[in-house]
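Data from work-v1.csv: CSV, C-alpha atoms
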```csv
chain,number,residue,atom,x,y,z
A,1,MET,CA,0.0,0.0,0.0
A,2,LYS,CA,2.7,2.4,1.1
A,3,LEU,CA,4.8,1.5,-2.0
A,4,LYS,CA,1.9,2.1,-4.3
A,5,PHE,CA,1.3,5.5,-2.7
A,6,ILE,CA,4.9,6.5,-3.1
A,7,THR,CA,5.0,5.3,-6.7
A,8,GLY,CA,1.8,7.2,-7.4
A,9,ILE,CA,3.1,10.4,-5.9
A,10,SER,CA,6.4,10.2,-7.7
A,11,LEU,CA,4.7,9.5,-11.0
A,12,LEU,CA,2.5,12.5,-10.5
A,13,LEU,CA,5.5,14.7,-9.7
A,14,ILE,CA,7.3,13.5,-12.9
A,15,VAL,CA,4.2,14.2,-15.0
A,16,LEU,CA,3.9,17.7,-13.4
A,17,ALA,CA,7.6,18.5,-13.9
A,18,ALA,CA,7.3,17.3,-17.5
A,19,SER,CA,4.2,19.4,-18.3
A,20,CYS,CA,5.8,22.5,-16.6
A,21,GLN,CA,8.7,22.3,-18.8
A,22,SER,CA,6.7,21.6,-21.9
A,23,ASP,CA,4.6,24.7,-21.3
A,24,GLU,CA,7.7,26.9,-21.9
A,25,GLN,CA,9.0,24.5,-24.4
A,26,MET,CA,5.7,24.5,-26.3
A,27,GLU,CA,5.7,28.3,-26.4
A,28,PHE,CA,9.2,28.3,-27.8
A,29,ASN,CA,8.4,25.6,-30.3
A,30,ARG,CA,5.3,27.6,-31.5
A,31,TYR,CA,7.5,30.7,-32.1
A,32,TYR,CA,10.3,28.7,-33.6
A,33,SER,CA,8.3,26.7,-36.1
A,34,GLY,CA,6.2,29.7,-37.1
A,35,GLY,CA,9.4,31.7,-37.5
A,36,SER,CA,10.9,29.1,-39.8
A,37,VAL,CA,8.0,29.6,-42.3
A,38,ILE,CA,8.5,33.4,-42.1
A,39,TYR,CA,12.2,33.0,-42.6
A,40,LEU,CA,11.7,31.0,-45.7
A,41,ALA,CA,9.3,33.6,-47.2
A,42,HIS,CA,11.1,36.8,-46.2
A,43,CYS,CA,14.8,36.1,-45.4
A,44,GLN,CA,16.1,33.0,-47.0
A,45,ASN,CA,16.6,34.3,-50.6
A,46,CYS,CA,19.2,36.7,-49.3
A,47,HIS,CA,20.5,35.1,-46.1
A,48,GLY,CA,20.5,31.5,-47.4
A,49,GLU,CA,19.1,28.2,-46.2
A,50,LYS,CA,21.8,27.9,-43.6
A,51,GLY,CA,22.0,31.6,-42.7
A,52,GLU,CA,25.3,31.7,-44.7
A,53,GLY,CA,24.6,35.0,-46.5
A,54,LEU,CA,26.2,35.6,-49.9
A,55,GLN,CA,29.9,36.2,-50.1
A,56,ALA,CA,30.7,39.9,-49.2
A,57,LEU,CA,27.3,41.1,-50.4
A,58,ILE,CA,25.0,39.8,-47.7
A,59,PRO,CA,26.1,39.1,-44.1
A,60,PRO,CA,25.6,35.7,-42.6
A,61,LEU,CA,23.3,35.2,-39.6
A,62,THR,CA,25.8,33.0,-37.8
A,63,ASP,CA,27.6,35.7,-35.7
A,64,ALA,CA,26.2,34.7,-32.3
A,65,ALA,CA,28.0,37.6,-30.5
A,66,TYR,CA,26.5,40.2,-32.8
A,67,LEU,CA,23.0,38.8,-32.4
A,68,LYS,CA,23.5,38.8,-28.6
A,69,ASN,CA,24.9,42.3,-28.4
A,70,ASN,CA,22.2,43.7,-30.6
A,71,LYS,CA,19.4,41.6,-29.3
A,72,THR,CA,17.1,44.6,-28.5
A,73,SER,CA,17.7,46.3,-31.9
A,74,LEU,CA,17.0,43.2,-34.1
A,75,ALA,CA,13.3,43.9,-34.2
A,76,CYS,CA,13.9,47.4,-35.5
A,77,TYR,CA,16.4,46.1,-38.1
A,78,VAL,CA,13.8,43.7,-39.4
A,79,LYS,CA,10.9,46.2,-39.3
A,80,ASN,CA,12.7,49.2,-40.8
A,81,GLY,CA,15.6,47.7,-42.7
A,82,LEU,CA,19.3,48.3,-42.1
A,83,LYS,CA,21.7,50.6,-44.0
A,84,GLY,CA,25.3,51.4,-43.6
A,85,LYS,CA,28.5,49.7,-42.4
A,86,ILE,CA,28.2,46.8,-40.0
A,87,THR,CA,30.8,44.3,-38.9
A,88,ILE,CA,29.8,40.7,-38.8
A,89,SER,CA,32.2,37.9,-37.9
A,90,SER,CA,35.0,40.5,-38.3
A,91,ARG,CA,34.1,41.2,-41.9
A,92,THR,CA,32.6,44.6,-43.0
A,93,PHE,CA,29.4,44.7,-44.9
A,94,GLU,CA,28.0,47.8,-46.5
A,95,GLY,CA,24.7,47.3,-48.2
A,96,GLU,CA,21.1,47.8,-47.5
A,97,MET,CA,18.6,45.4,-46.1
A,98,PRO,CA,15.1,46.3,-47.2
A,99,ALA,CA,12.4,46.9,-44.5
A,100,ALA,CA,10.0,44.1,-43.8
A,101,ASP,CA,7.3,46.6,-42.7
A,102,ASP,CA,4.6,44.1,-43.7
A,103,LEU,CA,5.5,41.9,-40.8
A,104,SER,CA,3.5,42.2,-37.6
A,105,PRO,CA,5.2,42.3,-34.2
A,106,ILE,CA,4.2,38.7,-33.5
A,107,GLU,CA,5.7,37.6,-36.8
A,108,ILE,CA,8.9,39.6,-36.1
A,109,ALA,CA,9.1,37.8,-32.7
A,110,LYS,CA,8.7,34.4,-34.4
A,111,VAL,CA,11.3,35.0,-37.0
A,112,LEU,CA,13.8,36.4,-34.5
A,113,THR,CA,13.3,33.4,-32.3
A,114,PHE,CA,14.0,31.2,-35.3
A,115,VAL,CA,17.1,33.1,-36.4
A,116,THR,CA,18.6,33.5,-33.0
A,117,ASN,CA,18.2,29.8,-32.3
A,118,SER,CA,19.3,28.4,-35.6
A,119,PHE,CA,22.6,28.3,-37.6
A,120,GLY,CA,24.5,27.6,-34.4
A,121,ASN,CA,22.9,30.4,-32.4
A,122,LYS,CA,21.1,29.7,-29.1
A,123,THR,CA,19.6,32.8,-27.6
A,124,GLY,CA,16.3,31.5,-26.5
A,125,LEU,CA,12.8,32.8,-26.9
A,126,ILE,CA,12.2,36.4,-28.1
A,127,ASN,CA,8.5,36.9,-27.4
A,128,LEU,CA,5.8,39.4,-28.5
A,129,GLN,CA,6.2,41.6,-25.4
A,130,GLN,CA,9.9,42.0,-25.9
A,131,VAL,CA,9.5,42.8,-29.6
A,132,GLN,CA,6.7,45.4,-28.8
A,133,ALA,CA,8.9,47.1,-26.2
A,134,ASN,CA,11.9,47.1,-28.6
A,135,LEU,CA,9.9,48.5,-31.5
A,136,GLU,CA,8.9,51.5,-29.4
A,137,LYS,CA,12.6,52.5,-29.1
A,138,CYS,CA,13.4,52.3,-32.9
A,139,HIS,CA,15.4,55.3,-34.1
B,1,MET,CA,9.8,-21.3,-70.9
B,2,LYS,CA,12.9,-20.8,-68.9
B,3,LYS,CA,14.7,-19.5,-72.0
B,4,LEU,CA,11.8,-17.0,-72.6
B,5,ILE,CA,12.1,-15.6,-69.1
B,6,GLY,CA,15.9,-15.4,-69.6
B,7,ALA,CA,15.4,-13.4,-72.8
B,8,LEU,CA,12.9,-11.2,-71.1
B,9,VAL,CA,15.2,-10.4,-68.3
B,10,ILE,CA,18.0,-9.5,-70.7
B,11,ILE,CA,15.7,-7.2,-72.6
B,12,LEU,CA,14.5,-5.6,-69.4
B,13,PHE,CA,18.1,-5.0,-68.3
B,14,TYR,CA,19.0,-3.6,-71.6
B,15,SER,CA,16.1,-1.2,-71.7
B,16,ALA,CA,16.8,-0.1,-68.2
B,17,CYS,CA,20.4,0.7,-69.1
B,18,LYS,CA,19.3,2.6,-72.1
B,19,SER,CA,16.8,4.8,-70.3
B,20,ASN,CA,19.4,5.6,-67.6
B,21,LYS,CA,21.9,6.8,-70.1
B,22,THR,CA,22.6,10.6,-70.1
B,23,PRO,CA,21.6,12.2,-73.4
B,24,SER,CA,24.5,12.7,-75.7
B,25,ALA,CA,22.9,15.9,-77.2
B,26,LEU,CA,20.7,18.6,-75.9
B,27,PRO,CA,17.6,19.8,-77.7
B,28,ILE,CA,17.7,23.1,-79.7
B,29,LEU,CA,15.1,25.5,-78.5
B,30,GLY,CA,13.3,28.5,-80.0
B,31,ASN,CA,11.6,29.0,-83.3
B,32,ARG,CA,12.8,27.1,-86.4
B,33,GLU,CA,11.9,27.3,-90.0
B,34,PRO,CA,12.6,25.2,-93.0
B,35,VAL,CA,14.6,26.9,-95.7
B,36,THR,CA,14.7,25.5,-99.2
B,37,LYS,CA,17.7,26.3,-101.3
B,38,THR,CA,19.4,24.9,-104.4
B,39,VAL,CA,22.9,23.4,-104.1
B,40,ASP,CA,24.6,21.9,-107.1
B,41,GLY,CA,21.4,21.8,-109.0
B,42,LYS,CA,19.5,19.9,-106.3
B,43,THR,CA,16.8,21.3,-104.1
B,44,ILE,CA,17.5,20.7,-100.4
B,45,THR,CA,15.6,21.7,-97.3
B,46,ASP,CA,17.5,22.9,-94.3
B,47,THR,CA,16.2,23.8,-90.8
B,48,VAL,CA,17.2,27.2,-89.7
B,49,TYR,CA,17.1,27.7,-85.9
B,50,SER,CA,16.6,31.1,-84.3
B,51,THR,CA,19.8,32.5,-82.8
B,52,ILE,CA,20.7,35.3,-80.5
B,53,PRO,CA,21.3,38.4,-82.6
B,54,ASP,CA,24.4,40.6,-82.3
B,55,PHE,CA,24.4,43.1,-79.5
B,56,LYS,CA,26.7,45.7,-77.8
B,57,PHE,CA,27.0,46.1,-74.1
B,58,VAL,CA,29.6,47.2,-71.6
B,59,ASN,CA,30.9,44.9,-68.9
B,60,GLN,CA,32.0,45.6,-65.3
B,61,TYR,CA,35.6,46.5,-66.5
B,62,ALA,CA,34.1,49.1,-68.9
B,63,ASP,CA,35.1,46.8,-71.9
B,64,THR,CA,32.7,46.7,-74.8
B,65,ILE,CA,31.2,43.3,-75.2
B,66,THR,CA,29.5,42.3,-78.5
B,67,GLY,CA,28.2,39.0,-80.0
B,68,LYS,CA,31.7,38.6,-81.4
B,69,SER,CA,33.2,38.5,-77.9
B,70,LEU,CA,31.2,35.3,-77.4
B,71,ASP,CA,32.2,33.6,-80.7
B,72,GLY,CA,33.4,30.1,-80.1
B,73,LYS,CA,32.1,30.2,-76.5
B,74,ILE,CA,29.3,28.3,-74.8
B,75,TYR,CA,27.6,30.7,-72.4
B,76,VAL,CA,24.9,31.1,-69.8
B,77,ALA,CA,22.8,34.3,-69.7
B,78,ASP,CA,20.6,35.8,-67.0
B,79,PHE,CA,18.9,39.1,-66.0
B,80,PHE,CA,19.3,40.7,-62.6
B,81,PHE,CA,19.9,44.0,-60.8
B,82,THR,CA,22.2,44.6,-57.9
B,83,THR,CA,19.6,46.0,-55.5
B,84,CYS,CA,17.2,43.2,-56.1
B,85,PRO,CA,15.8,42.1,-52.8
B,86,SER,CA,13.9,39.0,-54.0
B,87,ILE,CA,15.3,36.3,-56.3
B,88,CYS,CA,18.7,37.7,-57.4
B,89,PRO,CA,20.7,36.7,-54.4
B,90,VAL,CA,19.6,33.1,-54.6
B,91,MET,CA,20.1,33.2,-58.4
B,92,HIS,CA,23.7,34.3,-58.0
B,93,ARG,CA,24.4,32.0,-55.1
B,94,ASN,CA,23.5,29.3,-57.5
B,95,MET,CA,25.3,30.9,-60.5
B,96,LEU,CA,28.5,30.9,-58.4
B,97,LYS,CA,28.4,27.1,-58.5
B,98,VAL,CA,28.4,27.3,-62.3
B,99,TYR,CA,31.2,29.9,-62.2
B,100,ASN,CA,33.4,27.8,-59.9
B,101,GLU,CA,32.9,24.7,-62.1
B,102,PHE,CA,33.9,26.3,-65.4
B,103,LYS,CA,36.0,29.4,-64.4
B,104,THR,CA,39.2,27.9,-65.9
B,105,ASP,CA,37.6,27.2,-69.2
B,106,ASP,CA,38.3,30.1,-71.6
B,107,ASN,CA,35.6,28.8,-74.0
B,108,PHE,CA,32.9,29.4,-71.4
B,109,ARG,CA,31.2,32.6,-70.3
B,110,ILE,CA,28.5,33.8,-68.0
B,111,ILE,CA,26.7,37.1,-68.8
B,112,SER,CA,24.4,38.8,-66.4
B,113,HIS,CA,22.4,41.7,-67.9
B,114,THR,CA,21.3,44.4,-65.4
B,115,ILE,CA,17.7,45.4,-66.0
B,116,ASP,CA,18.2,48.6,-63.9
B,117,PRO,CA,20.9,50.4,-65.9
B,118,LYS,CA,20.1,53.7,-64.2
B,119,TYR,CA,21.4,52.6,-60.8
B,120,ASP,CA,23.7,49.7,-61.9
B,121,THR,CA,26.4,51.8,-63.6
B,122,VAL,CA,29.7,50.2,-64.5
B,123,PRO,CA,31.4,51.1,-61.1
B,124,VAL,CA,28.4,49.7,-59.3
B,125,LEU,CA,28.6,46.5,-61.3
B,126,LYS,CA,32.4,46.3,-60.6
B,127,LYS,CA,31.8,46.6,-56.9
B,128,TYR,CA,29.1,44.0,-57.0
B,129,ALA,CA,31.4,41.6,-58.8
B,130,ASP,CA,34.2,42.2,-56.2
B,131,LYS,CA,31.8,41.5,-53.4
B,132,LEU,CA,30.5,38.5,-55.1
B,133,GLY,CA,34.0,37.3,-55.3
B,134,ILE,CA,34.3,36.9,-59.0
B,135,SER,CA,37.3,38.1,-61.1
B,136,GLY,CA,38.8,37.6,-64.5
B,137,ASN,CA,36.7,37.3,-67.6
B,138,THR,CA,34.5,34.2,-67.0
B,139,TRP,CA,31.5,36.2,-65.7
B,140,TRP,CA,30.6,39.5,-67.2
B,141,LEU,CA,28.0,41.8,-65.7
B,142,LEU,CA,26.6,43.8,-68.7
B,143,HIS,CA,25.3,47.3,-68.8
B,144,GLY,CA,23.3,48.7,-71.7
B,145,THR,CA,20.3,50.9,-72.3
B,146,LYS,CA,17.0,49.7,-71.0
B,147,ASP,CA,15.6,49.3,-74.5
B,148,GLU,CA,18.5,47.2,-75.7
B,149,THR,CA,18.4,45.0,-72.6
B,150,TYR,CA,14.7,44.4,-72.7
B,151,GLN,CA,14.9,43.7,-76.4
B,152,ILE,CA,17.6,41.1,-76.1
B,153,ALA,CA,15.7,39.5,-73.2
B,154,LYS,CA,13.0,38.6,-75.7
B,155,ASN,CA,15.5,36.6,-77.7
B,156,TYR,CA,16.4,34.6,-74.6
B,157,LEU,CA,12.7,33.8,-74.2
B,158,VAL,CA,12.9,35.6,-70.9
B,159,SER,CA,10.4,38.2,-69.6
B,160,VAL,CA,11.5,41.3,-67.9
B,161,GLN,CA,9.2,44.2,-67.2
B,162,GLU,CA,9.1,47.8,-65.9
B,163,LYS,CA,8.6,48.4,-62.2
B,164,ASN,CA,5.2,47.3,-60.9
B,165,PRO,CA,3.2,49.5,-58.5
B,166,GLN,CA,5.2,48.3,-55.6
B,167,GLY,CA,8.4,49.7,-57.2
B,168,GLU,CA,9.8,46.3,-57.9
B,169,TYR,CA,11.1,45.0,-61.2
B,170,ILE,CA,9.4,41.9,-62.5
B,171,HIS,CA,11.7,39.3,-64.0
B,172,ASP,CA,11.9,35.6,-64.0
B,173,GLY,CA,15.0,33.9,-62.7
B,174,TYR,CA,15.9,31.8,-65.7
B,175,PHE,CA,19.4,30.8,-66.7
B,176,ILE,CA,19.7,30.4,-70.5
B,177,LEU,CA,22.3,28.0,-72.0
B,178,VAL,CA,23.5,29.2,-75.4
B,179,ASP,CA,25.8,27.1,-77.7
B,180,LYS,CA,28.7,28.3,-80.0
B,181,GLN,CA,26.2,28.7,-82.9
B,182,LYS,CA,24.3,31.1,-80.6
B,183,ARG,CA,21.3,28.8,-80.4
B,184,ILE,CA,19.4,28.3,-77.1
B,185,ARG,CA,20.0,24.8,-75.8
B,186,GLY,CA,18.3,24.9,-72.4
B,187,THR,CA,16.5,27.1,-69.8
B,188,TYR,CA,16.8,26.5,-66.1
B,189,ASP,CA,15.1,28.0,-63.0
B,190,GLY,CA,18.1,29.8,-61.4
B,191,THR,CA,16.4,29.8,-58.0
B,192,ASP,CA,16.3,26.0,-57.9
B,193,PRO,CA,19.5,24.3,-56.8
B,194,ALA,CA,18.4,21.0,-58.5
B,195,GLN,CA,17.9,22.8,-61.9
B,196,VAL,CA,21.3,24.4,-61.6
B,197,THR,CA,22.9,21.0,-60.9
B,198,LYS,CA,21.2,19.9,-64.2
B,199,LEU,CA,22.6,23.0,-65.9
B,200,ILE,CA,26.1,22.1,-64.9
B,201,ALA,CA,25.6,18.5,-66.2
B,202,ASP,CA,24.1,19.8,-69.4
B,203,ILE,CA,27.0,22.2,-70.1
B,204,LYS,CA,29.3,19.2,-69.9
B,205,VAL,CA,27.1,17.3,-72.4
B,206,LEU,CA,27.0,20.3,-74.7
B,207,LYS,CA,30.8,20.8,-74.6
B,208,ALA,CA,31.2,17.2,-75.8
B,209,GLU,CA,28.8,17.5,-78.8
B,210,PRO,CA,30.7,17.2,-82.1
B,211,ASP,CA,29.5,20.5,-83.6
B,212,GLN,CA,30.6,22.3,-80.4
B,213,VAL,CA,34.1,20.7,-80.1
B,214,GLY,CA,35.1,21.9,-83.6
B,215,ALA,CA,33.3,25.3,-83.6
B,216,LYS,CA,35.3,28.4,-83.6
```
Mind turning the file's structure into structure tokens?
Amino acid sequence: MKLKFITGISLLLIVLAASCQSDEQMEFNRYYSGGSVIYLAHCQNCHGEKGEGLQALIPPLTDAAYLKNNKTSLACYVKNGLKGKITISSRTFEGEMPAADDLSPIEIAKVLTFVTNSFGNKTGLINLQQVQANLEKCH
Amino acid sequence: MKKLIGALVIILFYSACKSNKTPSALPILGNREPVTKTVDGKTITDTVYSTIPDFKFVNQYADTITGKSLDGKIYVADFFFTTCPSICPVMHRNMLKVYNEFKTDDNFRIISHTIDPKYDTVPVLKKYADKLGISGNTWWLLHGTKDETYQIAKNYLVSVQEKNPQGEYIHDGYFILVDKQKRIRGTYDGTDPAQVTKLIADIKVLKAEPDQVGAK
């Protein structure tokens, strides 16, 4: 009887722990998989299937340090485009990324979650609230 | 009965081999018309294939490039512009594979016509070439007037159009394979890596055709 009780409780705890984790994980997965579709439609032509960019014309998306240091500006870059000199993986790029102003904040959050957790990057979830806050501070 | 099955198996194997063989010649595309002429008192009918007419453009080194510059060369043509946000990067990512495969072959060229000559001046094209990592004379980026460029596009069976209401140029991302007789031998979707792999294979087939080997 006692054994059954302990087994039951531990099973319950395991299930609880698993479902707790999967709540967060599920939210991340939802953003990430939605983001992969948006990446394909809006980003992949230029930045490539593996985020490799194109020679010295288009920067790769594999510079984890750049993505981390500019985490709060990324939403503005996507929304308004990016112009001028930038240094990515110690190489200088000078071109113009067109604005994706047809993307909604939730779509931006999804695609950023995808990019910053693909191609060797692992920044974690960038959710709607963060993107909305970041977009208010665009220059 | 056994013999019959044996024969069948042999036939099957043979036909399987045959269908897997790569073609030894590529088709000739475009319009064609029969021309009847008299040679040595006999009337013979010949097929005349449409060819790319002569042209005059300027490349990224400010050199003049005409149809003559491509005499004796197999080449691939496409249409692009340097600020193209949609299909051009993926086209030229794929074209780089063709470039790298044949860049040591002096009888092979790639020509990319800009359809935005106002912005894509010769220095802009040179800068683009440098950033793309191409050098030498294998791959020419060609500048010409809008009329000339749009006119020659028709000869390549390619459509390019003026800006649409969104301010984007409309063009399809085709790579056109042209032989030494300036006939179109294949068209490939330049945005599709599988089609570009086929283009590279087809160029090898074309190079080996008897009337290409000897052509000057």
Taking only C-alpha atoms into account, produce a table as a tab-separated table in which each residue of chain B with an atom at most 8 Å from an atom of chain A appears once, together with its shortest atom pair and the distance in Å to one decimal, ordered by chain and rising number.
```
residue	atom	partner	partner_atom	distance
B:Pro85	CA	A:Pro98	CA	7.0
B:Ser86	CA	A:Asn45	CA	6.4
B:Ile87	CA	A:Asn45	CA	6.2
B:Cys88	CA	A:Asn45	CA	7.9
B:Pro89	CA	A:Cys46	CA	5.3
B:Val90	CA	A:Asn45	CA	5.1
B:Arg93	CA	A:Leu54	CA	6.6
B:Tyr128	CA	A:Leu57	CA	7.4
B:Lys131	CA	A:Ala56	CA	4.6
B:Leu132	CA	A:Gln55	CA	5.5
B:Gly133	CA	A:Gln55	CA	6.7
```
Q. So what do you get for CA of Leu26 (chain B) versus CA of Tyr156 (chain B), distance-wise?
A.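 Distance reported for this atom pair: 16.6 Å.
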(Q) If we count all atoms listed in the file and set the cut-off at 10 Å, which residues sit around Phe57 (chain B), ignoring sequence neighbours fewer than 5 positions away in its own chain? Please answer as a ChimeraX atom specification. (A) /B:62-67,113,141-145,148-149
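With CA of Asn127 (chain A) on one side and CA of Ile14 (chain A) on the other, the separation reads 27.6 Å.
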Q: May I have the residues within 9 Å of Gln129 (chain A) as a count of residues only, using all atoms listed in the file and disregarding those fewer than 3 positions away in the same chain?
A: 7
